[in-house]
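Structure file protein09.cif (mmCIF, C-alpha atoms and all ligand atoms) follows.
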data_query
#
loop_
_atom_site.label_atom_id
_atom_site.label_comp_id
_atom_site.auth_asym_id
_atom_site.auth_seq_id
_atom_site.Cartn_x
_atom_site.Cartn_y
_atom_site.Cartn_z
CA MET F 1 94.54 -101.93 141.94
CA ILE F 2 93.52 -100.96 138.43
CA ILE F 3 94.81 -103.13 135.62
CA VAL F 4 94.74 -101.20 132.36
CA LEU F 5 94.60 -103.39 129.26
CA LYS F 6 96.32 -102.29 126.07
CA CYS F 7 94.28 -100.73 123.27
CA GLY F 8 93.00 -103.44 120.96
CA SER F 9 93.02 -106.15 123.62
CA THR F 10 90.50 -108.94 123.06
CA ALA F 11 87.79 -110.62 125.11
CA GLU F 12 90.19 -113.55 125.58
CA ASP F 13 92.81 -111.17 127.00
CA LEU F 14 90.24 -109.92 129.49
CA THR F 15 89.34 -113.46 130.52
CA ARG F 16 93.03 -114.27 131.03
CA VAL F 17 93.55 -111.16 133.18
CA GLU F 18 90.43 -111.91 135.24
CA LYS F 19 91.62 -115.48 135.82
CA ARG F 20 95.06 -114.34 136.90
CA VAL F 21 93.52 -111.79 139.31
CA THR F 22 91.26 -114.48 140.78
CA ASP F 23 94.17 -116.94 141.09
CA LEU F 24 96.08 -114.32 143.09
CA GLY F 25 93.18 -114.10 145.53
CA TYR F 26 91.50 -110.86 144.36
CA ARG F 27 88.08 -110.19 142.82
CA PRO F 28 88.10 -108.72 139.30
CA HIS F 29 85.59 -106.02 138.28
CA PRO F 30 85.99 -105.21 134.58
CA ILE F 31 84.86 -102.00 132.92
CA VAL F 32 84.81 -102.38 129.17
CA GLY F 33 85.07 -98.86 127.72
CA VAL F 34 84.90 -97.70 124.11
CA GLU F 35 88.63 -97.10 123.96
CA ARG F 36 90.00 -99.16 126.81
CA THR F 37 89.19 -101.98 129.12
CA ILE F 38 90.24 -101.82 132.72
CA VAL F 39 89.92 -104.33 135.52
CA GLY F 40 89.54 -103.23 139.12
CA ALA F 41 91.09 -105.86 141.38
CA VAL F 42 89.96 -105.74 144.99
CA GLY F 43 90.61 -107.98 147.93
CA ARG F 44 92.60 -108.31 151.10
CA GLU F 45 95.52 -105.97 150.68
CA ASP F 46 97.93 -108.25 152.46
CA LYS F 47 97.72 -110.77 149.60
CA THR F 48 100.28 -111.21 146.80
CA PRO F 49 100.96 -107.96 144.98
CA LEU F 50 99.45 -107.64 141.52
CA HIS F 51 102.38 -105.84 139.88
CA ASP F 52 103.44 -109.12 138.26
CA LEU F 53 100.50 -108.71 135.89
CA GLU F 54 102.51 -106.01 134.10
CA ALA F 55 104.44 -108.89 132.56
CA MET F 56 101.35 -110.03 130.66
CA GLU F 57 101.43 -109.12 126.98
CA CYS F 58 97.97 -107.47 126.98
CA VAL F 59 98.52 -105.35 130.13
CA GLU F 60 99.53 -101.71 129.77
CA ALA F 61 99.83 -100.77 133.45
CA VAL F 62 98.94 -101.76 136.99
CA ILE F 63 98.00 -98.70 139.05
CA PRO F 64 97.17 -98.62 142.77
CA ILE F 65 93.88 -97.05 143.93
CA LEU F 66 94.95 -94.82 146.79
CA ARG F 67 91.53 -94.13 148.32
CA PRO F 68 90.33 -96.52 151.07
CA TYR F 69 87.16 -97.02 149.02
CA LYS F 70 88.07 -98.54 145.69
CA LEU F 71 85.19 -99.43 143.35
CA VAL F 72 83.10 -96.42 144.39
CA SER F 73 85.96 -94.00 143.75
CA ARG F 74 86.56 -91.85 140.72
CA GLU F 75 90.09 -93.25 140.66
CA PHE F 76 88.51 -96.53 139.52
CA LYS F 77 85.85 -94.94 137.29
CA PRO F 78 86.41 -91.25 136.47
CA GLU F 79 83.20 -90.75 134.51
CA THR F 80 79.92 -90.22 136.36
CA SER F 81 77.70 -93.30 136.43
CA VAL F 82 74.24 -92.94 134.93
CA LEU F 83 72.39 -95.92 136.36
CA ASP F 84 69.47 -97.65 134.71
CA ILE F 85 67.14 -98.24 137.64
CA ALA F 86 64.18 -100.29 136.43
CA GLY F 87 64.27 -98.34 133.16
CA ILE F 88 64.73 -94.89 134.80
CA PRO F 89 68.10 -93.16 134.26
CA VAL F 90 69.56 -91.91 137.55
CA GLY F 91 72.62 -89.64 137.54
CA GLY F 92 71.99 -88.07 134.13
CA PRO F 93 70.56 -84.62 133.33
CA ALA F 94 67.01 -85.59 134.40
CA LEU F 95 66.61 -85.45 138.18
CA ALA F 96 65.41 -88.62 139.93
CA ILE F 97 62.44 -87.80 142.14
CA MET F 98 61.31 -90.21 144.84
CA ALA F 99 58.21 -89.32 146.84
CA GLY F 100 55.79 -91.06 149.13
CA PRO F 101 54.87 -91.53 152.74
CA CYS F 102 57.30 -92.46 155.47
CA SER F 103 55.28 -95.65 156.11
CA VAL F 104 52.73 -97.56 154.08
CA GLU F 105 49.64 -97.33 156.29
CA SER F 106 46.60 -98.40 154.28
CA HIS F 107 45.28 -99.04 150.79
CA GLU F 108 43.65 -95.63 150.61
CA GLN F 109 46.71 -93.80 151.96
CA ILE F 110 49.32 -95.37 149.67
CA LEU F 111 47.15 -95.03 146.56
CA ALA F 112 46.47 -91.34 147.30
CA ALA F 113 50.18 -90.74 148.00
CA ALA F 114 51.22 -92.57 144.82
CA GLU F 115 48.86 -90.50 142.70
CA ALA F 116 50.17 -87.31 144.33
CA ALA F 117 53.77 -88.43 143.74
CA GLN F 118 53.01 -89.07 140.10
CA ARG F 119 51.14 -85.79 139.64
CA GLY F 120 54.11 -83.91 141.06
CA GLY F 121 56.49 -85.59 138.61
CA ALA F 122 58.12 -88.37 140.66
CA GLN F 123 59.33 -91.53 138.93
CA PHE F 124 59.67 -93.47 142.19
CA LEU F 125 57.21 -94.16 145.00
CA ARG F 126 58.83 -94.48 148.41
CA GLY F 127 57.13 -96.06 151.41
CA GLY F 128 58.34 -98.15 154.31
CA ALA F 129 56.71 -101.51 154.97
CA PHE F 130 59.41 -102.54 157.45
CA LYS F 131 60.23 -99.54 159.64
CA PRO F 132 63.34 -99.12 161.81
CA ARG F 133 61.74 -97.14 164.65
CA THR F 134 63.63 -95.55 167.52
CA SER F 135 61.04 -96.89 169.97
CA PRO F 136 59.88 -100.53 170.00
CA TYR F 137 56.40 -99.20 170.85
CA ALA F 138 56.12 -97.09 167.68
CA PHE F 139 54.39 -98.36 164.50
CA GLN F 140 56.73 -100.92 162.95
CA GLY F 141 55.15 -101.07 159.48
CA LEU F 142 52.59 -103.29 157.75
CA ARG F 143 55.37 -105.65 156.60
CA GLU F 144 54.28 -108.07 153.83
CA GLU F 145 50.83 -106.48 153.63
CA GLY F 146 52.58 -103.14 153.05
CA LEU F 147 54.62 -104.68 150.23
CA GLU F 148 51.40 -105.93 148.59
CA LEU F 149 49.97 -102.41 148.79
CA LEU F 150 53.12 -100.94 147.23
CA ALA F 151 52.88 -103.47 144.40
CA GLU F 152 49.28 -102.42 143.83
CA ALA F 153 50.26 -98.73 143.77
CA ARG F 154 52.98 -99.56 141.24
CA ALA F 155 50.47 -101.40 139.04
CA THR F 156 48.09 -98.42 139.18
CA THR F 157 50.61 -95.61 138.61
CA GLY F 158 53.61 -97.22 136.92
CA LEU F 159 55.89 -95.67 139.56
CA LYS F 160 58.89 -97.73 140.64
CA VAL F 161 58.89 -98.84 144.26
CA VAL F 162 61.61 -97.92 146.79
CA THR F 163 61.22 -99.60 150.17
CA GLU F 164 63.47 -100.20 153.14
CA VAL F 165 65.04 -103.48 154.17
CA VAL F 166 66.01 -103.66 157.83
CA SER F 167 67.12 -107.25 158.19
CA VAL F 168 69.16 -109.81 156.27
CA LYS F 169 66.38 -112.38 156.65
CA ASP F 170 63.89 -110.12 154.80
CA VAL F 171 66.10 -109.57 151.73
CA PRO F 172 64.54 -112.39 149.60
CA LEU F 173 61.00 -111.14 150.32
CA LEU F 174 61.87 -107.51 149.57
CA VAL F 175 63.64 -108.50 146.36
CA GLU F 176 60.35 -109.98 145.10
CA TYR F 177 58.41 -106.75 145.62
CA ALA F 178 60.78 -103.77 145.37
CA ASP F 179 62.43 -102.09 142.40
CA VAL F 180 64.95 -100.45 144.76
CA LEU F 181 65.98 -101.61 148.23
CA GLN F 182 66.50 -98.76 150.68
CA ILE F 183 69.16 -99.15 153.35
CA GLY F 184 68.40 -96.57 156.00
CA ALA F 185 70.60 -94.35 158.11
CA ARG F 186 70.43 -96.73 161.07
CA ASN F 187 71.85 -99.56 158.99
CA CYS F 188 74.51 -97.58 157.14
CA GLN F 189 77.25 -99.59 158.82
CA ASN F 190 75.38 -102.89 159.13
CA TYR F 191 77.93 -104.77 157.06
CA ALA F 192 76.04 -108.09 157.08
CA LEU F 193 72.98 -106.32 155.61
CA LEU F 194 75.12 -104.44 153.08
CA SER F 195 76.71 -107.69 151.90
CA ALA F 196 73.34 -109.45 151.61
CA VAL F 197 71.79 -106.56 149.66
CA GLY F 198 74.91 -106.36 147.50
CA GLU F 199 74.56 -110.04 146.69
CA SER F 200 70.90 -109.62 145.76
CA GLN F 201 71.99 -107.43 142.82
CA LYS F 202 68.86 -105.27 143.32
CA PRO F 203 69.33 -101.51 142.90
CA VAL F 204 69.99 -99.80 146.22
CA LEU F 205 69.10 -96.44 147.73
CA PHE F 206 71.81 -96.18 150.35
CA LYS F 207 71.39 -93.51 153.01
CA ARG F 208 74.20 -91.93 154.96
CA GLY F 209 74.23 -92.76 158.65
CA MET F 210 73.47 -89.94 161.05
CA ALA F 211 76.95 -90.20 162.61
CA THR F 212 78.89 -91.48 159.62
CA THR F 213 81.75 -89.51 158.09
CA ILE F 214 81.82 -89.30 154.31
CA LYS F 215 84.87 -91.55 154.28
CA GLU F 216 83.11 -94.18 156.42
CA TYR F 217 79.98 -93.85 154.27
CA LEU F 218 81.89 -94.50 151.04
CA GLN F 219 83.68 -97.47 152.59
CA ALA F 220 80.27 -98.84 153.58
CA ALA F 221 79.05 -98.36 149.99
CA GLU F 222 82.08 -100.37 148.90
CA TYR F 223 80.49 -103.46 150.53
CA LEU F 224 77.68 -103.24 147.97
CA LEU F 225 79.93 -102.75 144.94
CA ASP F 226 82.34 -105.42 146.12
CA LYS F 227 79.49 -107.92 145.67
CA GLY F 228 79.20 -106.81 142.04
CA ASN F 229 76.21 -104.53 142.68
CA PHE F 230 77.01 -101.21 141.01
CA ASN F 231 73.42 -99.94 140.97
CA VAL F 232 73.83 -97.85 144.09
CA ILE F 233 72.31 -94.40 144.66
CA LEU F 234 73.76 -92.47 147.61
CA CYS F 235 71.52 -90.28 149.75
CA GLU F 236 72.44 -87.45 152.13
CA ARG F 237 69.72 -87.27 154.79
CA GLY F 238 71.21 -85.11 157.50
CA ILE F 239 73.61 -85.80 160.33
CA ARG F 240 73.39 -85.45 164.09
CA THR F 241 74.90 -82.21 165.40
CA PHE F 242 74.45 -79.97 168.46
CA GLU F 243 71.69 -78.08 166.63
CA THR F 244 68.15 -78.70 167.89
CA ALA F 245 66.15 -76.27 165.70
CA THR F 246 65.92 -79.00 163.09
CA ARG F 247 65.66 -82.80 163.43
CA ASN F 248 69.05 -83.25 161.72
CA THR F 249 71.57 -80.94 160.07
CA LEU F 250 71.31 -81.46 156.33
CA ASP F 251 74.96 -81.68 155.30
CA LEU F 252 74.88 -80.23 151.80
CA ASN F 253 78.69 -80.03 151.85
CA ALA F 254 78.49 -83.77 151.40
CA VAL F 255 76.98 -83.40 147.93
CA PRO F 256 79.95 -81.78 146.14
CA VAL F 257 82.37 -83.85 148.25
CA LEU F 258 80.63 -87.08 147.23
CA LYS F 259 80.39 -85.94 143.60
CA ARG F 260 84.15 -85.34 143.65
CA GLU F 261 85.00 -88.66 145.31
CA THR F 262 82.60 -91.07 143.65
CA HIS F 263 81.04 -91.79 140.27
CA LEU F 264 77.79 -92.91 141.93
CA PRO F 265 74.65 -90.72 141.80
CA VAL F 266 73.88 -88.69 144.92
CA ILE F 267 70.39 -87.64 145.94
CA VAL F 268 69.22 -85.62 148.94
CA ASP F 269 66.41 -86.24 151.44
CA PRO F 270 65.49 -82.84 152.91
CA SER F 271 62.52 -84.38 154.78
CA HIS F 272 64.67 -86.26 157.29
CA GLY F 273 67.37 -83.61 156.83
CA THR F 274 65.17 -80.93 158.39
CA GLY F 275 62.29 -82.79 160.06
CA VAL F 276 60.08 -79.75 159.39
CA ALA F 277 57.71 -79.70 156.39
CA ALA F 278 57.96 -75.91 155.96
CA LEU F 279 61.75 -76.12 155.53
CA VAL F 280 61.72 -78.95 152.98
CA PRO F 281 61.16 -76.92 149.75
CA ALA F 282 64.04 -74.48 150.41
CA MET F 283 66.46 -77.31 151.17
CA ALA F 284 65.25 -79.24 148.11
CA ARG F 285 66.13 -76.24 145.93
CA ALA F 286 69.49 -75.88 147.68
CA ALA F 287 70.23 -79.58 147.14
CA ILE F 288 69.68 -79.30 143.41
CA ALA F 289 71.67 -76.06 143.24
CA CYS F 290 74.71 -77.78 144.79
CA GLY F 291 74.65 -80.71 142.37
CA ALA F 292 72.35 -83.42 143.71
CA ASP F 293 71.06 -85.90 141.13
CA GLY F 294 67.62 -86.11 142.68
CA LEU F 295 65.43 -85.83 145.75
CA MET F 296 63.61 -88.07 148.17
CA ILE F 297 60.58 -86.30 149.65
CA GLU F 298 58.09 -87.57 152.22
CA ILE F 299 54.49 -86.78 151.28
CA HIS F 300 51.21 -87.83 152.86
CA PRO F 301 47.56 -87.23 151.88
CA ASN F 302 46.91 -86.18 155.48
CA PRO F 303 50.18 -85.47 157.35
CA GLY F 304 48.34 -84.77 160.61
CA ALA F 305 47.15 -88.38 160.70
CA ALA F 306 50.46 -89.99 159.63
CA LEU F 307 51.67 -92.95 161.70
CA SER F 308 55.28 -91.81 161.25
CA ASP F 309 57.07 -88.58 160.28
CA GLY F 310 53.90 -86.50 159.83
CA PRO F 311 55.60 -83.20 160.87
CA GLN F 312 58.06 -83.44 157.97
CA SER F 313 55.59 -84.71 155.35
CA LEU F 314 54.24 -82.48 152.59
CA LYS F 315 50.64 -82.48 151.41
CA PRO F 316 50.08 -83.36 147.73
CA ASP F 317 49.69 -79.74 146.59
CA GLU F 318 52.77 -78.69 148.59
CA PHE F 319 54.76 -81.38 146.79
CA GLU F 320 53.63 -80.03 143.42
CA GLU F 321 54.70 -76.53 144.53
CA LEU F 322 58.07 -77.90 145.67
CA ILE F 323 58.74 -79.37 142.24
CA ALA F 324 57.61 -76.16 140.54
CA GLY F 325 60.10 -74.28 142.73
CA VAL F 326 62.91 -76.74 142.01
CA ARG F 327 62.39 -76.49 138.22
CA PRO F 328 64.09 -73.10 137.59
CA VAL F 329 66.97 -74.07 139.89
CA ALA F 330 67.40 -77.33 137.97
CA GLN F 331 67.40 -75.40 134.71
CA ALA F 332 70.04 -73.01 136.05
CA VAL F 333 72.39 -75.93 136.75
CA GLY F 334 71.70 -77.77 133.50
CA ARG F 335 69.23 -80.31 134.84
CA THR F 336 65.59 -81.08 134.11
CA VAL F 337 62.68 -82.07 136.28
C1 LIG E 1 62.87 -93.16 156.00
O1 LIG E 1 63.28 -92.97 154.83
O2 LIG E 1 61.68 -93.12 156.35
C2 LIG E 1 63.90 -93.35 157.04
C3 LIG E 1 63.68 -94.15 158.09
O3 LIG E 1 64.98 -92.62 156.80
P1 LIG E 1 66.43 -92.57 157.52
O4 LIG E 1 66.96 -93.96 157.42
O5 LIG E 1 67.16 -91.57 156.69
O6 LIG E 1 66.18 -92.11 158.93
MN MN E 2 60.57 -91.26 157.52
#

Please express the file's structure as structure tokens.
Ligand code: PEP
Ligand code: MN
Amino acid sequence: MIIVLKCGSTAEDLTRVEKRVTDLGYRPHPIVGVERTIVGAVGREDKTPLHDLEAMECVEAVIPILRPYKLVSREFKPETSVLDIAGIPVGGPALAIMAGPCSVESHEQILAAAEAAQRGGAQFLRGGAFKPRTSPYAFQGLREEGLELLAEARATTGLKVVTEVVSVKDVPLLVEYADVLQIGARNCQNYALLSAVGESQKPVLFKRGMATTIKEYLQAAEYLLDKGNFNVILCERGIRTFETATRNTLDLNAVPVLKRETHLPVIVDPSHGTGVAALVPAMARAAIACGADGLMIEIHPNPGAALSDGPQSLKPDEFEELIAGVRPVAQAVGRTV
């Protein structure tokens, strides 16, 4: 439900409405706008109805949110969210660029990748220290040592660090090191992890699951916002289809659908979306053309020697060329990079 406060309502009015919402068993999420304040009230829908709040002097209207996802929907917040992620605006005219290796492998590798990311124009360095691998025999990541290396790369380049969390028990450790916690495709519907990351209040890069519908994906994102964590960046990374020419099928339909349904920023990962380095630049341009707010690109100083996802990783100069190719497309759709 959305509770719309009357124009000119005071901070005390808001406190009273929030208390009433809480007393009725819902969680209040206020948005204080220039002209109006609204309160999103979410909770178990079988609880007491909130229509009674219309009787309060300061309340203009109580409106139901019809979508199954509430706080992520544009019904709750019609204007696009421009997030402040560790000082970097995400969702505004400037594209957010995240680049780095699939996995943090060594001091030399992550430093070289970070410098390449920065040279190409990225604001964020990605790199997995905890890796969710399909096989238990594949490289699982350097774990805490990898986090130390990411922190060093951040200190050297100033890039913000995005790294994946795969388990609830690792959340406190990751929170210490990361600027953005990545929740990967395999954990898109891991609701315990979503709740724990939501509670951490750290910004989140939340990837779509490979077999998750857009509706399921947005309901999963709701777990993060329901914990009061609104710093959530969505990421389309390809879905599983019958097609085998590419690793996944990059669902660019999802971009305008998500932009219509939610106020949250949406970026695209054409590296996992295609699984083929040579296809990444074209799909990066397409992603920006259809309205994505940024890109996540896997790069590696020596893709042939990568411990994970080498075939889809760009070399440093290829990343620079990718960004140069994206620039005119960005300009054509009113964005900058
Ligand atoms: C990754 O970003 O390296 C990764 C594991 O991605 P996804 O969760 O999209 O497969
Ligand atoms: Mn990867």

Using all atoms listed in the file, which residues have at least one atom no more than 10 Å from ligand MN 2 (chain E)? Output them as a ChimeraX atom specification. /F:100-103,126-128,131-133,184,269,271-272,275,297-299,307-310,312-313

Write the residues of the preceding selection, restricted to C-alpha atoms, as a PDB file, in the coordinates of the input.
ATOM      1  CA  GLY F 100      55.790 -91.060 149.130  1.00  0.00           C
ATOM      2  CA  PRO F 101      54.870 -91.530 152.740  1.00  0.00           C
ATOM      3  CA  CYS F 102      57.300 -92.460 155.470  1.00  0.00           C
ATOM      4  CA  SER F 103      55.280 -95.650 156.110  1.00  0.00           C
ATOM      5  CA  ARG F 126      58.830 -94.480 148.410  1.00  0.00           C
ATOM      6  CA  GLY F 127      57.130 -96.060 151.410  1.00  0.00           C
ATOM      7  CA  GLY F 128      58.340 -98.150 154.310  1.00  0.00           C
ATOM      8  CA  LYS F 131      60.230 -99.540 159.640  1.00  0.00           C
ATOM      9  CA  PRO F 132      63.340 -99.120 161.810  1.00  0.00           C
ATOM     10  CA  ARG F 133      61.740 -97.140 164.650  1.00  0.00           C
ATOM     11  CA  GLY F 184      68.400 -96.570 156.000  1.00  0.00           C
ATOM     12  CA  ASP F 269      66.410 -86.240 151.440  1.00  0.00           C
ATOM     13  CA  SER F 271      62.520 -84.380 154.780  1.00  0.00           C
ATOM     14  CA  HIS F 272      64.670 -86.260 157.290  1.00  0.00           C
ATOM     15  CA  GLY F 275      62.290 -82.790 160.060  1.00  0.00           C
ATOM     16  CA  ILE F 297      60.580 -86.300 149.650  1.00  0.00           C
ATOM     17  CA  GLU F 298      58.090 -87.570 152.220  1.00  0.00           C
ATOM     18  CA  ILE F 299      54.490 -86.780 151.280  1.00  0.00           C
ATOM     19  CA  LEU F 307      51.670 -92.950 161.700  1.00  0.00           C
ATOM     20  CA  SER F 308      55.280 -91.810 161.250  1.00  0.00           C
ATOM     21  CA  ASP F 309      57.070 -88.580 160.280  1.00  0.00           C
ATOM     22  CA  GLY F 310      53.900 -86.500 159.830  1.00  0.00           C
ATOM     23  CA  GLN F 312      58.060 -83.440 157.970  1.00  0.00           C
ATOM     24  CA  SER F 313      55.590 -84.710 155.350  1.00  0.00           C
TER      25      SER F 313
END

I'd like to know which of F:Tyr177, F:Phe230, F:Phe124, F:Phe319 is closest to Ile31 of chain F, using only C-alpha atoms. F:Phe230

Would you mind listing what lies within 9 Å of Arg36 of chain F as an mmCIF file with C-alpha atoms, keeping the file's coordinate frame, with only C-alpha atoms counted and same-chain residues fewer than 3 positions away left out?
data_model
loop_
_atom_site.group_PDB
_atom_site.id
_atom_site.type_symbol
_atom_site.label_atom_id
_atom_site.label_comp_id
_atom_site.auth_asym_id
_atom_site.auth_seq_id
_atom_site.Cartn_x
_atom_site.Cartn_y
_atom_site.Cartn_z
ATOM 1 C CA VAL F 4 94.740 -101.200 132.360
ATOM 2 C CA LEU F 5 94.600 -103.390 129.260
ATOM 3 C CA LYS F 6 96.320 -102.290 126.070
ATOM 4 C CA CYS F 7 94.280 -100.730 123.270
ATOM 5 C CA GLY F 8 93.000 -103.440 120.960
ATOM 6 C CA SER F 9 93.020 -106.150 123.620
ATOM 7 C CA ILE F 31 84.860 -102.000 132.920
ATOM 8 C CA VAL F 32 84.810 -102.380 129.170
ATOM 9 C CA GLY F 33 85.070 -98.860 127.720
#

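Compared by their closest atoms to Leu50 of chain F, and using all atoms listed in the file, the residues F:Val17, F:Pro68, F:Arg74, F:Ile233 rank with F:Val17 nearest.
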
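For Leu225 of chain F, the list of residues within 10 Å, based on only C-alpha atoms and with local chain neighbours fewer than 5 positions off taken out, reads His29, Lys70, Leu71, Val72, Leu194, Ser195, Gly198, Glu199, Gln201, Ala220, Phe230, Asn231 and Val232 of chain F.
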